[in-house]
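Structure, as structure tokens:
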Amino acid sequence: MIYFDNSATTKPYPEVIESFMKVTSDYFGNPSSLHGLGVQSEKLLSAARKQIADLLKVKSSEIYFTSGGTEGNNLAIKGAAHSQGNRGKHIITTAIEHPSVEDACQSLTRMGYEITYLPVNEFGQIDVTDLKDALREDTILVSVMHVNNEVGSIQPIAEVGKLLKQYPNVLFHVDNVQGAGKVSLSLREANVDLCTISGHKVHGLKGTGILYVREGVRVDPLFHGGNQETKIRSGTENVAGIVALSKALRISMNNQLLYHDKLQQIKTYLYKGLKEMDGVLVNSPEEGAPHIVNFSVPGLKSEVLLHALESEGIYVSTTSACSSKKRTVSKTVDAMFHHSARSESVIRISTTYGNEMEEAKQVLAAIQKIVANLEKIMRVAK
């Protein structure tokens, strides 16, 4: 098996599973309990929070634990909107955000909020000038993803943060689910107020995540109850999952330092090979994230190519995992190229540090063979 669908989910590191099992078995107390077992759990929770804060170079008090990227994005966007709603109801985001951002923003329109969607160019990037022009007196939040989950385009987060520093009443949220552990981002230097990270994208466990909330920023909770996470996210903390998440993030960020060049070399090989292939259009920008290569074969349905590759033991995806079962076009590719045949035939390859060049060679050869065979069949059918 060659697993090239790491943007959908990653395989947990062995050390992560070991940590989860150890904490689940030996430190299962509720961290809010006053007895010894609860105190032990609370200490592990605090240690994990500090380790994650140190990795992200922020304060421990700015780290909140969630169930993953979807909850984190909803909490950041809706929580910020509700807390700032008396000041304004205008939100700016982009045309290529993850569904958890797009749908969260859309839900707010039913409460009287207005959303501006910034367009992207053929490289999948916004123009900061467009953002500046879209800012208004009643703008309360800007939400821009760091790395696009479909094509791997990298947004100019530092430039956006520099611009928004001139607008202190506008909060800045970054969906960093695809960037964490792959593309460096300084939350402090980029003046980010809110940032979302998901555990299972960095070889942690599903159902774990992080929301960074800059000190001084107020976010209204989505859940009310036991007042955990200083009332921002009520619910008994998943201590074992959180400890596993802190280990996964540490290992992934270390791997980024050690193996970034290897990951980039694999991407470059795939990118150039696909570029030279007849009938194939590469959608990802060459200067994008090192782990995502998105391409189209106009005229071939994505699902047909995906299952043909699966028959060869190769696992990839079509659009984002959250959208793939809807059988819709790629809204990201459509926003970039405005080309329906291209956006209807999308395949995403996504790698991680454990993948090897030999796997990339096998995948490229398989794509070339399958595309040639399918096109031959189509010509005969006509």
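Scheme for the structure tokens: letters A, B, ... for chains in order shown; per-chain residue numbers from 1; ligand numbers from 1 in order shown.
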
### Task
Find the residues near Met277 (chain A): any atom within 12 Å, counting only C-alpha atoms, skip ones fewer than 2 places away on the same chain, and give them as a VMD selection string.
chain A and resid 270 to 275 279 to 282 295 to 297 364 to 372

### Task
Identify, on the basis of only C-alpha atoms, every residue whose closest approach to Ala95 (chain A) does not exceed 12 Å; exclude the query and any residue fewer than 6 positions from it along the same chain; express the result as a list in words.
Val101, Glu102, Asp103, Cys105, Ile115, Thr116, Tyr117, Leu118, Pro119, Val120, Asn121, Gly124, Gln125, Ile126, Ser143, Val144, Met145, Asn148, Ser330, Lys331, Thr332, Val333, Asp334, Ala335 and Met336 of chain A

Shell of 9 Å around Glu215 (chain A), only C-alpha atoms, local chain residues under 4 positions omitted, as a PDB file with C-alpha atoms, in the first residue's frame:
```
ATOM      1  CA  LYS A  59       1.644  31.444  26.450  1.00  0.00           C
ATOM      2  CA  SER A  61      -2.958  30.460  28.947  1.00  0.00           C
ATOM      3  CA  GLU A  62      -3.536  31.057  25.213  1.00  0.00           C
ATOM      4  CA  ASP A 193      -5.437  36.496  17.184  1.00  0.00           C
TER       5      ASP A 193
END
```

### Message
Neighbouring residues of region 349-360 of chain A were defined as those with any atom within 9 Å, considering only C-alpha atoms; residues of the same chain fewer than 3 positions away were excluded. Please report them as number ranges by chain.
### Response
A: 2-8, 10, 182, 252, 255-256, 259-260, 262-263, 265-267, 269-270, 290-295, 315-318, 363-365

### Query
If we count only C-alpha atoms, what is near Asn30 (chain A) at a cut-off of 10 Å, once residues fewer than 6 positions away on the same chain are taken out, given as a PyMOL selection string?
chain A and resi 37-42+236-239
